[in-house]
file upload_20.csv (CSV, C-alpha atoms and all ligand atoms)
chain,number,residue,atom,x,y,z
S,25,MET,CA,-1.9,-1.5,38.2
S,26,ASP,CA,-1.0,-5.1,38.5
S,27,ILE,CA,-0.4,-6.9,35.2
S,28,PHE,CA,-2.6,-9.8,36.4
S,29,SER,CA,-5.5,-7.5,37.2
S,30,PRO,CA,-8.5,-7.2,34.9
S,31,VAL,CA,-9.1,-4.2,32.6
S,32,GLU,CA,-11.9,-3.0,30.4
S,33,LEU,CA,-11.0,-1.8,26.9
S,34,GLY,CA,-14.2,-0.4,25.5
S,35,ASP,CA,-16.7,-3.2,25.8
S,36,ILE,CA,-14.1,-5.9,26.1
S,37,ARG,CA,-13.2,-7.1,29.6
S,38,LEU,CA,-9.8,-8.7,29.9
S,39,LYS,CA,-9.1,-10.9,32.9
S,40,ASN,CA,-5.5,-9.8,32.9
S,41,ARG,CA,-3.3,-7.4,31.0
S,42,ILE,CA,-1.3,-9.9,29.1
S,43,VAL,CA,-2.5,-9.9,25.5
S,44,MET,CA,-1.5,-12.4,22.8
S,45,ALA,CA,-0.3,-10.5,19.8
S,46,PRO,CA,-1.5,-11.3,16.3
S,47,MET,CA,0.6,-14.0,14.6
S,48,THR,CA,0.1,-15.4,11.1
S,49,ARG,CA,1.0,-19.1,11.4
S,50,SER,CA,-0.1,-20.3,8.0
S,51,ARG,CA,-2.2,-23.3,9.2
S,52,ALA,CA,-5.4,-22.5,7.4
S,53,GLY,CA,-6.8,-24.9,4.8
S,54,ALA,CA,-8.0,-24.7,1.2
S,55,ASP,CA,-10.3,-21.7,0.5
S,56,ALA,CA,-8.8,-19.8,3.5
S,57,LEU,CA,-10.8,-22.0,5.9
S,58,PRO,CA,-9.7,-22.2,9.6
S,59,THR,CA,-8.7,-25.7,10.5
S,60,ASP,CA,-9.2,-28.0,13.5
S,61,ILE,CA,-5.6,-27.5,14.7
S,62,MET,CA,-6.4,-23.8,14.9
S,63,VAL,CA,-9.2,-24.5,17.4
S,64,ASP,CA,-6.6,-26.3,19.6
S,65,TYR,CA,-4.0,-23.6,19.2
S,66,TYR,CA,-6.2,-20.8,20.3
S,67,ARG,CA,-7.9,-22.8,23.1
S,68,GLN,CA,-4.4,-23.6,24.5
S,69,ARG,CA,-3.7,-19.9,24.7
S,70,ALA,CA,-7.0,-18.8,26.3
S,71,GLY,CA,-5.2,-17.8,29.5
S,72,ALA,CA,-4.2,-14.5,27.9
S,73,GLY,CA,-6.3,-11.6,28.9
S,74,LEU,CA,-7.1,-11.2,25.3
S,75,ILE,CA,-6.1,-13.1,22.1
S,76,VAL,CA,-5.7,-11.1,18.9
S,77,THR,CA,-6.0,-13.6,16.1
S,78,GLU,CA,-3.6,-13.8,13.2
S,79,GLY,CA,-4.5,-11.5,10.3
S,80,ILE,CA,-7.8,-12.6,8.7
S,81,ALA,CA,-8.7,-11.5,5.2
S,82,PRO,CA,-12.0,-9.6,4.7
S,83,SER,CA,-12.1,-10.8,1.0
S,84,ALA,CA,-10.3,-13.1,-1.4
S,85,ASP,CA,-8.5,-10.0,-2.8
S,86,GLY,CA,-7.2,-9.4,0.8
S,87,LEU,CA,-5.3,-12.7,0.9
S,88,GLY,CA,-1.6,-12.6,0.0
S,89,TYR,CA,0.3,-15.2,2.1
S,90,CYS,CA,0.0,-18.9,1.8
S,91,ARG,CA,-2.4,-20.8,4.0
S,92,THR,CA,-3.9,-17.7,5.7
S,93,PRO,CA,-7.6,-17.6,6.8
S,94,GLY,CA,-10.5,-15.4,5.6
S,95,ILE,CA,-13.8,-14.4,7.1
S,96,TYR,CA,-15.8,-13.5,4.0
S,97,ASN,CA,-18.1,-16.6,3.6
S,98,GLY,CA,-20.4,-18.7,5.7
S,99,GLU,CA,-18.1,-21.7,5.9
S,100,GLN,CA,-15.3,-19.6,7.3
S,101,VAL,CA,-17.7,-17.9,9.8
S,102,ARG,CA,-18.8,-21.3,11.0
S,103,ALA,CA,-15.2,-22.5,11.4
S,104,TRP,CA,-14.3,-19.3,13.3
S,105,THR,CA,-17.3,-19.9,15.5
S,106,ARG,CA,-15.7,-23.1,16.8
S,107,ILE,CA,-12.5,-21.3,17.6
S,108,VAL,CA,-14.3,-18.5,19.5
S,109,GLU,CA,-16.4,-21.0,21.4
S,110,ALA,CA,-13.3,-22.9,22.4
S,111,VAL,CA,-11.6,-19.8,23.8
S,112,HIS,CA,-14.7,-18.6,25.5
S,113,ALA,CA,-15.2,-22.0,27.1
S,114,GLU,CA,-11.8,-21.5,28.8
S,115,GLY,CA,-12.8,-18.1,30.0
S,116,GLY,CA,-10.7,-16.2,27.4
S,117,ARG,CA,-11.5,-13.3,25.1
S,118,ILE,CA,-10.6,-13.1,21.4
S,119,VAL,CA,-10.7,-10.4,18.8
S,120,ALA,CA,-10.3,-10.9,15.0
S,121,GLN,CA,-7.5,-9.0,13.3
S,122,ILE,CA,-8.9,-7.8,10.0
S,123,MET,CA,-6.0,-7.7,7.5
S,124,HIS,CA,-6.2,-6.9,3.8
S,125,VAL,CA,-2.7,-7.2,2.4
S,126,GLY,CA,-3.3,-5.0,-0.7
S,127,ARG,CA,-0.1,-5.2,-2.8
S,128,VAL,CA,1.8,-7.5,-0.4
S,129,ALA,CA,0.8,-10.6,-2.3
S,130,ASN,CA,1.6,-13.1,-4.9
S,131,ALA,CA,-1.1,-14.5,-7.2
S,132,LEU,CA,0.1,-18.1,-6.4
S,133,ASN,CA,-1.1,-17.5,-2.8
S,134,LYS,CA,-4.6,-16.2,-3.9
S,135,PRO,CA,-7.7,-18.0,-5.0
S,136,VAL,CA,-8.4,-18.0,-8.8
S,137,GLY,CA,-10.4,-14.9,-9.7
S,138,SER,CA,-9.0,-12.7,-7.0
S,139,GLU,CA,-6.9,-9.7,-7.7
S,140,THR,CA,-4.0,-7.8,-6.1
S,141,VAL,CA,-5.1,-4.2,-5.6
S,142,ALA,CA,-3.5,-1.2,-4.0
S,143,PRO,CA,-3.9,2.6,-3.9
S,144,SER,CA,-1.4,3.0,-6.7
S,145,SER,CA,0.1,0.6,-9.2
S,146,ILE,CA,3.5,0.4,-7.5
S,147,ALA,CA,4.8,-3.0,-6.7
S,148,ALA,CA,6.4,-3.5,-3.3
S,149,ARG,CA,10.1,-4.4,-3.7
S,150,GLY,CA,11.0,-7.8,-2.3
S,151,GLU,CA,9.7,-11.3,-2.4
S,152,ILE,CA,7.1,-13.5,-0.7
S,153,TYR,CA,7.0,-17.2,0.0
S,154,THR,CA,4.7,-19.4,-2.1
S,155,ASP,CA,4.1,-23.2,-1.6
S,156,GLU,CA,4.1,-23.8,-5.4
S,157,ALA,CA,7.3,-21.9,-6.4
S,158,GLY,CA,9.2,-20.8,-3.3
S,159,MET,CA,10.1,-17.2,-3.1
S,160,GLN,CA,8.4,-15.0,-5.7
S,161,PRO,CA,8.3,-11.2,-6.3
S,162,PHE,CA,5.4,-9.3,-5.0
S,163,ASP,CA,2.6,-8.8,-7.6
S,164,GLN,CA,2.3,-5.7,-9.7
S,165,PRO,CA,-0.9,-4.3,-8.1
S,166,ARG,CA,-3.8,-2.7,-10.0
S,167,ALA,CA,-4.7,0.7,-8.7
S,168,LEU,CA,-8.2,0.9,-7.3
S,169,ALA,CA,-10.5,3.2,-9.2
S,170,LEU,CA,-12.2,5.9,-7.1
S,171,ASP,CA,-15.6,4.3,-7.6
S,172,GLU,CA,-14.2,0.9,-6.4
S,173,ILE,CA,-13.1,2.1,-3.0
S,174,PRO,CA,-16.5,2.0,-1.2
S,175,ALA,CA,-16.8,-1.7,-2.1
S,176,VAL,CA,-13.4,-2.4,-0.5
S,177,ILE,CA,-14.4,-0.6,2.7
S,178,GLU,CA,-17.7,-2.6,2.6
S,179,GLN,CA,-15.5,-5.7,2.8
S,180,PHE,CA,-14.2,-4.6,6.1
S,181,ARG,CA,-17.7,-3.8,7.4
S,182,GLN,CA,-19.0,-7.2,6.3
S,183,ALA,CA,-16.0,-8.9,7.8
S,184,THR,CA,-16.7,-7.1,11.1
S,185,ALA,CA,-20.4,-8.3,11.0
S,186,ASN,CA,-19.2,-11.8,10.2
S,187,ALA,CA,-16.7,-11.7,13.1
S,188,PHE,CA,-19.5,-10.7,15.5
S,189,GLU,CA,-21.8,-13.4,14.0
S,190,ALA,CA,-19.0,-15.9,14.9
S,191,GLY,CA,-19.0,-14.6,18.4
S,192,PHE,CA,-15.7,-12.6,18.5
S,193,ASP,CA,-15.5,-10.1,21.3
S,194,GLY,CA,-14.1,-7.5,18.9
S,195,VAL,CA,-12.2,-6.7,15.8
S,196,GLU,CA,-8.9,-5.0,15.2
S,197,LEU,CA,-8.0,-3.1,12.1
S,198,HIS,CA,-4.5,-4.0,10.9
S,199,CYS,CA,-3.2,-0.6,10.0
S,200,THR,CA,0.6,-1.3,9.7
S,201,SER,CA,3.2,-3.6,8.3
S,202,GLY,CA,2.7,-2.4,4.8
S,203,TYR,CA,-0.8,-3.7,4.2
S,204,LEU,CA,-3.7,-2.0,2.5
S,205,PRO,CA,-4.7,0.7,5.1
S,206,ALA,CA,-1.0,1.5,5.6
S,207,GLN,CA,-0.4,1.6,1.8
S,208,PHE,CA,-3.1,4.4,1.6
S,209,LEU,CA,-1.5,6.2,4.5
S,210,SER,CA,2.0,6.4,3.2
S,211,THR,CA,3.5,8.7,0.6
S,212,GLY,CA,5.7,5.9,-0.9
S,213,SER,CA,2.8,3.7,-1.9
S,214,ASN,CA,0.0,6.3,-2.4
S,215,LEU,CA,0.4,8.5,-5.5
S,216,ARG,CA,-3.3,9.1,-6.0
S,217,ASP,CA,-4.5,12.5,-7.1
S,218,ASP,CA,-8.1,12.1,-5.9
S,219,GLU,CA,-9.6,12.5,-2.4
S,220,TYR,CA,-7.9,9.3,-1.2
S,221,GLY,CA,-4.4,10.6,-1.9
S,222,GLY,CA,-2.3,13.7,-1.7
S,223,GLY,CA,-1.9,15.4,1.7
S,224,VAL,CA,-2.4,13.7,5.1
S,225,VAL,CA,-6.2,14.2,5.0
S,226,GLY,CA,-6.6,12.3,1.8
S,227,ARG,CA,-4.1,9.6,2.6
S,228,SER,CA,-5.9,9.0,6.0
S,229,ARG,CA,-9.4,8.9,4.4
S,230,PHE,CA,-9.3,5.1,3.6
S,231,ALA,CA,-8.3,4.1,7.1
S,232,LEU,CA,-10.8,6.4,8.8
S,233,GLU,CA,-13.7,5.5,6.6
S,234,THR,CA,-12.9,1.8,7.1
S,235,LEU,CA,-12.8,2.3,10.9
S,236,ALA,CA,-16.1,4.2,10.7
S,237,ALA,CA,-17.7,1.3,8.7
S,238,MET,CA,-16.4,-1.2,11.3
S,239,VAL,CA,-17.8,0.9,14.1
S,240,ALA,CA,-21.2,1.2,12.4
S,241,VAL,CA,-21.7,-2.6,12.9
S,242,ASP,CA,-22.0,-2.6,16.7
S,243,GLY,CA,-20.4,0.6,18.1
S,244,ALA,CA,-16.8,1.5,18.7
S,245,GLY,CA,-16.5,-0.4,22.0
S,246,ARG,CA,-15.6,-3.6,20.1
S,247,VAL,CA,-13.2,-2.0,17.5
S,248,GLY,CA,-9.5,-1.6,18.0
S,249,MET,CA,-6.7,-0.5,15.7
S,250,ARG,CA,-3.0,-1.6,15.3
S,251,ILE,CA,-0.3,0.8,14.2
S,252,CYS,CA,3.5,1.1,14.0
S,253,PRO,CA,4.4,4.5,12.6
S,254,ASP,CA,7.6,4.6,10.5
S,255,ASN,CA,7.8,0.8,10.2
S,256,PRO,CA,9.5,0.1,6.8
S,257,PHE,CA,8.3,-3.5,6.7
S,258,ASN,CA,7.0,-4.7,3.2
S,259,ASP,CA,8.6,-1.7,1.5
S,260,LEU,CA,6.5,0.9,3.3
S,261,SER,CA,7.8,4.5,3.4
S,262,ASP,CA,6.2,7.8,4.4
S,263,GLU,CA,7.8,11.2,4.2
S,264,ASN,CA,6.4,12.4,7.5
S,265,PRO,CA,5.0,9.6,9.7
S,266,GLN,CA,4.7,12.0,12.7
S,267,GLU,CA,2.3,14.2,10.7
S,268,THR,CA,0.5,11.3,9.2
S,269,PHE,CA,-0.2,9.6,12.6
S,270,ASP,CA,-0.9,12.7,14.5
S,271,TYR,CA,-3.8,13.4,12.1
S,272,LEU,CA,-4.9,9.8,11.9
S,273,LEU,CA,-5.0,9.3,15.6
S,274,ALA,CA,-6.6,12.6,16.4
S,275,GLU,CA,-9.4,11.7,14.0
S,276,ALA,CA,-9.6,8.0,15.2
S,277,ALA,CA,-9.8,9.2,18.8
S,278,LYS,CA,-13.0,10.9,18.0
S,279,LEU,CA,-14.6,7.6,17.2
S,280,ASP,CA,-14.0,6.4,20.8
S,281,LEU,CA,-12.5,3.1,19.8
S,282,ALA,CA,-12.0,0.2,22.3
S,283,TYR,CA,-8.2,0.4,22.1
S,284,LEU,CA,-5.1,1.4,20.2
S,285,HIS,CA,-2.5,-1.3,19.8
S,286,ALA,CA,0.9,0.4,19.2
S,287,ILE,CA,4.1,-1.4,18.2
S,288,ARG,CA,7.1,0.5,19.4
S,289,PHE,CA,9.9,1.1,16.9
S,290,PRO,CA,12.9,2.7,18.7
S,291,THR,CA,14.9,3.2,15.5
S,292,GLY,CA,12.1,5.1,13.8
S,293,ARG,CA,11.4,8.8,13.7
S,294,VAL,CA,8.3,8.6,15.9
S,295,ASP,CA,8.0,7.6,19.6
S,296,ASN,CA,5.1,5.3,18.9
S,297,ILE,CA,4.2,4.7,22.6
S,298,ALA,CA,4.3,8.4,23.4
S,299,LEU,CA,2.2,9.1,20.3
S,300,GLY,CA,-0.3,6.4,21.3
S,301,ARG,CA,-0.5,7.8,24.8
S,302,ARG,CA,-1.3,11.3,23.5
S,303,TYR,CA,-4.5,10.1,21.8
S,304,PHE,CA,-5.4,6.8,23.5
S,305,GLY,CA,-3.8,7.2,26.9
S,306,ASP,CA,-6.4,5.3,28.9
S,307,ARG,CA,-6.7,2.3,26.5
S,308,LEU,CA,-3.3,1.6,25.0
S,309,ILE,CA,-1.8,-1.8,24.3
S,310,GLY,CA,1.9,-1.7,23.8
S,311,ASN,CA,4.0,-4.3,21.9
S,312,GLU,CA,7.4,-5.4,20.7
S,313,SER,CA,10.1,-7.2,22.6
S,314,TYR,CA,8.6,-6.6,26.1
S,315,ARG,CA,9.8,-8.9,28.8
S,316,PHE,CA,7.7,-9.7,31.8
S,317,GLU,CA,9.5,-7.3,34.2
S,318,GLU,CA,9.3,-4.3,31.8
S,319,ALA,CA,5.7,-5.0,31.0
S,320,SER,CA,4.8,-5.2,34.7
S,321,GLU,CA,6.5,-1.8,35.2
S,322,VAL,CA,4.9,0.1,32.4
S,323,ILE,CA,1.5,-1.3,33.5
S,324,ALA,CA,2.2,-0.4,37.1
S,325,SER,CA,3.2,3.1,36.2
S,326,GLY,CA,0.0,3.6,34.1
S,327,GLU,CA,2.0,4.1,30.9
S,328,LEU,CA,0.1,1.2,29.2
S,329,SER,CA,-3.2,-0.5,29.9
S,330,ALA,CA,-1.9,-3.8,28.7
S,331,VAL,CA,1.1,-5.3,26.8
S,332,SER,CA,0.9,-7.8,24.0
S,333,PHE,CA,3.4,-10.6,23.5
S,334,GLY,CA,3.9,-12.5,20.3
S,335,ARG,CA,6.9,-14.8,20.2
S,336,PRO,CA,6.6,-15.8,23.9
S,337,PHE,CA,3.2,-17.2,23.3
S,338,ILE,CA,4.4,-19.6,20.5
S,339,ALA,CA,6.2,-22.1,22.7
S,340,ASN,CA,4.4,-21.2,26.0
S,341,PRO,CA,0.7,-21.7,25.6
S,342,ASP,CA,0.3,-21.2,29.4
S,343,LEU,CA,2.4,-18.0,29.3
S,344,VAL,CA,0.3,-16.2,31.9
S,345,GLU,CA,0.5,-19.1,34.4
S,346,ARG,CA,4.2,-19.5,33.9
S,347,TRP,CA,4.7,-15.8,34.8
S,348,ARG,CA,2.3,-16.1,37.7
S,349,ASN,CA,4.3,-19.0,39.0
S,350,GLY,CA,7.8,-17.7,38.0
S,351,ALA,CA,8.3,-20.8,35.8
S,352,PRO,CA,10.9,-20.6,33.0
S,353,LEU,CA,9.9,-20.0,29.4
S,354,ALA,CA,10.3,-22.5,26.5
S,355,LYS,CA,11.9,-21.4,23.2
S,356,PHE,CA,10.1,-21.8,19.9
S,357,ASP,CA,11.3,-23.6,16.9
S,358,LEU,CA,11.9,-21.3,14.0
S,359,ASP,CA,11.6,-24.0,11.3
S,360,THR,CA,8.0,-24.7,12.1
S,361,LEU,CA,6.7,-21.2,12.4
S,362,TYR,CA,4.8,-21.2,9.1
S,363,THR,CA,4.8,-24.9,8.1
S,364,PRO,CA,1.4,-26.8,7.7
S,365,GLY,CA,0.3,-29.2,10.3
S,366,PRO,CA,0.4,-29.6,14.1
S,367,ARG,CA,4.1,-29.8,14.6
S,368,GLY,CA,5.6,-26.7,16.2
S,369,TYR,CA,2.0,-25.4,16.5
S,370,ILE,CA,-0.1,-27.3,19.0
S,371,ASP,CA,2.5,-29.6,20.5
S,372,TYR,CA,4.2,-27.1,22.9
S,373,PRO,CA,3.3,-28.4,26.3
S,374,ALA,CA,2.1,-26.4,29.3
S,375,ALA,CA,4.7,-26.2,32.1
B,1,LIG,C1,5.2,-15.6,13.4
B,1,LIG,C2,4.8,-14.2,13.5
B,1,LIG,C3,3.6,-13.8,12.8
B,1,LIG,C4,3.1,-12.5,12.9
B,1,LIG,N1,2.0,-12.2,12.2
B,1,LIG,C5,1.4,-11.0,12.5
B,1,LIG,C6,0.1,-10.7,12.0
B,1,LIG,O1,-0.6,-11.5,11.3
B,1,LIG,N2,-0.4,-9.5,12.3
B,1,LIG,C7,0.3,-8.5,13.0
B,1,LIG,O2,-0.3,-7.4,13.2
B,1,LIG,N3,1.5,-8.8,13.5
B,1,LIG,C8,2.1,-10.0,13.3
B,1,LIG,N4,3.3,-10.3,13.8
B,1,LIG,C9,3.9,-9.3,14.7
B,1,LIG,C10,3.6,-9.6,16.2
B,1,LIG,O3,2.2,-9.4,16.4
B,1,LIG,C11,4.4,-8.8,17.2
B,1,LIG,O4,4.2,-7.4,16.8
B,1,LIG,C12,5.9,-9.1,17.2
B,1,LIG,O5,6.1,-10.5,17.3
B,1,LIG,C13,6.6,-8.4,18.3
B,1,LIG,O6,6.1,-8.8,19.5
B,1,LIG,P1,7.0,-9.8,20.5
B,1,LIG,O7,8.4,-9.1,20.6
B,1,LIG,O8,6.3,-9.9,21.7
B,1,LIG,O9,7.2,-11.1,19.7
B,1,LIG,C14,3.8,-11.6,13.7
B,1,LIG,C15,5.0,-12.0,14.4
B,1,LIG,C16,5.4,-13.3,14.3
B,1,LIG,C17,6.6,-13.7,15.1

call {"tool": "encode", "arguments": {"input": "upload_20.csv", "output": "structure tokens"}}
result
Amino acid sequence: MDIFSPVELGDIRLKNRIVMAPMTRSRAGADALPTDIMVDYYRQRAGAGLIVTEGIAPSADGLGYCRTPGIYNGEQVRAWTRIVEAVHAEGGRIVAQIMHVGRVANALNKPVGSETVAPSSIAARGEIYTDEAGMQPFDQPRALALDEIPAVIEQFRQATANAFEAGFDGVELHCTSGYLPAQFLSTGSNLRDDEYGGGVVGRSRFALETLAAMVAVDGAGRVGMRICPDNPFNDLSDENPQETFDYLLAEAAKLDLAYLHAIRFPTGRVDNIALGRRYFGDRLIGNESYRFEEASEVIASGELSAVSFGRPFIANPDLVERWRNGAPLAKFDLDTLYTPGPRGYIDYPAA
């Protein structure tokens, strides 16, 4: 298949197979509210076959980084509606990445009254940036009680309903990078002795029940999932990621999701693309350091349905057009990746 040809992933129709990967850019305002510059940023990138938004918190507890957005109140939903409408007006498609950070947080980045929760009370080793005090250690999380877990899953269901109210074409469960679902999945962060811990069935329960709750809102055709087995980011560790993800994906495949978004990790113990193909062969988005030529090849061969690109979209809002025309790519400025304001965000020109 041609990389510029359309493809259907569940109920979502992509005009081409070049997906914009989710990227936290820390441009949200007070109260985790999407800002006007975010409308421009996403509109500029609507040439992608599909935009996956930056991680969006389903609750105040789910926030952990500074200036990141939420989708858990009416004001946020209205702000996202403007972003979705802008992308749709340009003929683009956009899904909301639902991201609950769990223990990957510092209280300085969270609203008063919110809490840092996790499967077990084990702090992630490392530090996180805060506007108030620079780098700070990760919070010591409070372990969720068994009877609290349904309410956390409900946050994901409500966030999905809110995303559809805002007009999003779909939602993507962020199930990697050391955040809450991945914390439940992994032996290093989940020491629970109830039905949400222990063996692979227990550790997968949170992610699978969360997916089922998201699917219950409007069917599976608008729900995707992102994974990167064996990724140690944010102090994540699992004794046997092959076993964990074989089980998780075999069960997730039964839900008939719109797509799986797999990040390759060549130095890890799992071939993440081969794994993804085994369970989601006909609706697999691949990611991580693809260049145009390689992406075109793996789509032509049928290995992947689409490829997502993160960093190339930062300085090339018109990335698809540049590739169509063979135009050179611009390089992005590292210093303004996460800074507030328009600079290094919406001021990269089209070619
Ligand atoms: C600035 C930045 C922010 C990111 N934020 C997220 C995020 O919110 N959610 C996520 O799943 N991945 C996030 N990622 C990872 C990207 O989606 C992607 O996996 C990574 O950039 C590799 O793809 P690339 O080689 O095409 O850039 C982020 C990457 C960058 C560079």

call {"tool": "atom_distance", "arguments": {"input": "upload_20.csv", "atom1": "CA of Ser329 (chain S)", "atom2": "CA of Leu38 (chain S)"}}
result
10.5 Å

call {"tool": "axis_aligned_box", "arguments": {"input": "upload_20.csv", "around": "region 357-375 of chain S", "padding_each_side": "4 Å", "output": "lines of an AutoDock Vina configuration file"}}
result
center_x = 5.9
center_y = -25.5
center_z = 19.9
size_x = 20.0
size_y = 16.6
size_z = 32.4

call {"tool": "closest_residue", "arguments": {"input": "upload_20.csv", "among": "S:Ile61, S:Ile323, S:Val76, S:Ala236", "to": "ligand LIG 1 (chain B)", "atoms": "all atoms listed in the file"}}
result
S:Val76

call {"tool": "closest_residue", "arguments": {"input": "upload_20.csv", "among": "S:Ala339, S:Leu33, S:Ala277, S:Val241", "to": "ligand LIG 1 (chain B)", "atoms": "all atoms listed in the file"}}
result
S:Ala339

call {"tool": "residues_near_ligand", "arguments": {"input": "upload_20.csv", "ligand": "ligand LIG 1 (chain B)", "cutoff": "6 Å", "atoms": "all atoms listed in the file", "output": "PyMOL selection string"}}
result
chain S and resi 45-49+78-79+198+311-314+333-335+361

call {"tool": "atom_distance", "arguments": {"input": "upload_20.csv", "atom1": "CA of Thr105 (chain S)", "atom2": "CA of Glu233 (chain S)"}}
result
27.2 Å

call {"tool": "residues_around", "arguments": {"input": "upload_20.csv", "residues": "region 269-272 of chain S", "least_positions_apart": "5", "cutoff": "12 Å", "atoms": "all atoms listed in the file", "output": "PyMOL selection string"}}
result
chain S and resi 199-200+205-206+208-210+223-233+235+249-254+262-264+277-279+284+286+293-304

call {"tool": "build_atoms", "arguments": {"input": "upload_20.csv", "residues": "region 302-315 of chain S", "atoms": "N, CA and C atoms", "output": "PDB file, in the frame of the given file"}}
result
ATOM      1  N   ARG S 302      -0.736   9.944  23.716  1.00  0.00           N
ATOM      2  CA  ARG S 302      -1.300  11.300  23.500  1.00  0.00           C
ATOM      3  C   ARG S 302      -2.807  11.149  23.130  1.00  0.00           C
ATOM      4  N   TYR S 303      -3.149  10.142  22.328  1.00  0.00           N
ATOM      5  CA  TYR S 303      -4.500  10.100  21.800  1.00  0.00           C
ATOM      6  C   TYR S 303      -5.353   8.949  22.444  1.00  0.00           C
ATOM      7  N   PHE S 304      -4.687   7.918  22.965  1.00  0.00           N
ATOM      8  CA  PHE S 304      -5.400   6.800  23.500  1.00  0.00           C
ATOM      9  C   PHE S 304      -4.816   6.375  24.874  1.00  0.00           C
ATOM     10  N   GLY S 305      -4.501   7.380  25.696  1.00  0.00           N
ATOM     11  CA  GLY S 305      -3.800   7.200  26.900  1.00  0.00           C
ATOM     12  C   GLY S 305      -4.402   6.164  27.881  1.00  0.00           C
ATOM     13  N   ASP S 306      -5.723   6.116  27.898  1.00  0.00           N
ATOM     14  CA  ASP S 306      -6.400   5.300  28.900  1.00  0.00           C
ATOM     15  C   ASP S 306      -6.773   3.889  28.300  1.00  0.00           C
ATOM     16  N   ARG S 307      -6.364   3.619  27.078  1.00  0.00           N
ATOM     17  CA  ARG S 307      -6.700   2.300  26.500  1.00  0.00           C
ATOM     18  C   ARG S 307      -5.654   1.961  25.403  1.00  0.00           C
ATOM     19  N   LEU S 308      -4.440   1.871  25.880  1.00  0.00           N
ATOM     20  CA  LEU S 308      -3.300   1.600  25.000  1.00  0.00           C
ATOM     21  C   LEU S 308      -2.676   0.292  25.276  1.00  0.00           C
ATOM     22  N   ILE S 309      -2.591  -0.544  24.236  1.00  0.00           N
ATOM     23  CA  ILE S 309      -1.800  -1.800  24.300  1.00  0.00           C
ATOM     24  C   ILE S 309      -0.486  -1.553  23.659  1.00  0.00           C
ATOM     25  N   GLY S 310       0.595  -1.839  24.355  1.00  0.00           N
ATOM     26  CA  GLY S 310       1.900  -1.700  23.800  1.00  0.00           C
ATOM     27  C   GLY S 310       2.471  -3.044  23.344  1.00  0.00           C
ATOM     28  N   ASN S 311       3.410  -3.026  22.416  1.00  0.00           N
ATOM     29  CA  ASN S 311       4.000  -4.300  21.900  1.00  0.00           C
ATOM     30  C   ASN S 311       5.392  -4.076  21.405  1.00  0.00           C
ATOM     31  N   GLU S 312       6.073  -5.193  21.318  1.00  0.00           N
ATOM     32  CA  GLU S 312       7.400  -5.400  20.700  1.00  0.00           C
ATOM     33  C   GLU S 312       8.481  -5.549  21.723  1.00  0.00           C
ATOM     34  N   SER S 313       8.880  -6.812  21.828  1.00  0.00           N
ATOM     35  CA  SER S 313      10.100  -7.200  22.600  1.00  0.00           C
ATOM     36  C   SER S 313       9.934  -6.818  24.099  1.00  0.00           C
ATOM     37  N   TYR S 314       8.723  -6.758  24.627  1.00  0.00           N
ATOM     38  CA  TYR S 314       8.600  -6.600  26.100  1.00  0.00           C
ATOM     39  C   TYR S 314       8.931  -7.873  26.775  1.00  0.00           C
ATOM     40  N   ARG S 315       9.595  -7.755  27.902  1.00  0.00           N
ATOM     41  CA  ARG S 315       9.800  -8.900  28.800  1.00  0.00           C
ATOM     42  C   ARG S 315       8.812  -8.681  29.951  1.00  0.00           C
TER      43      ARG S 315
END
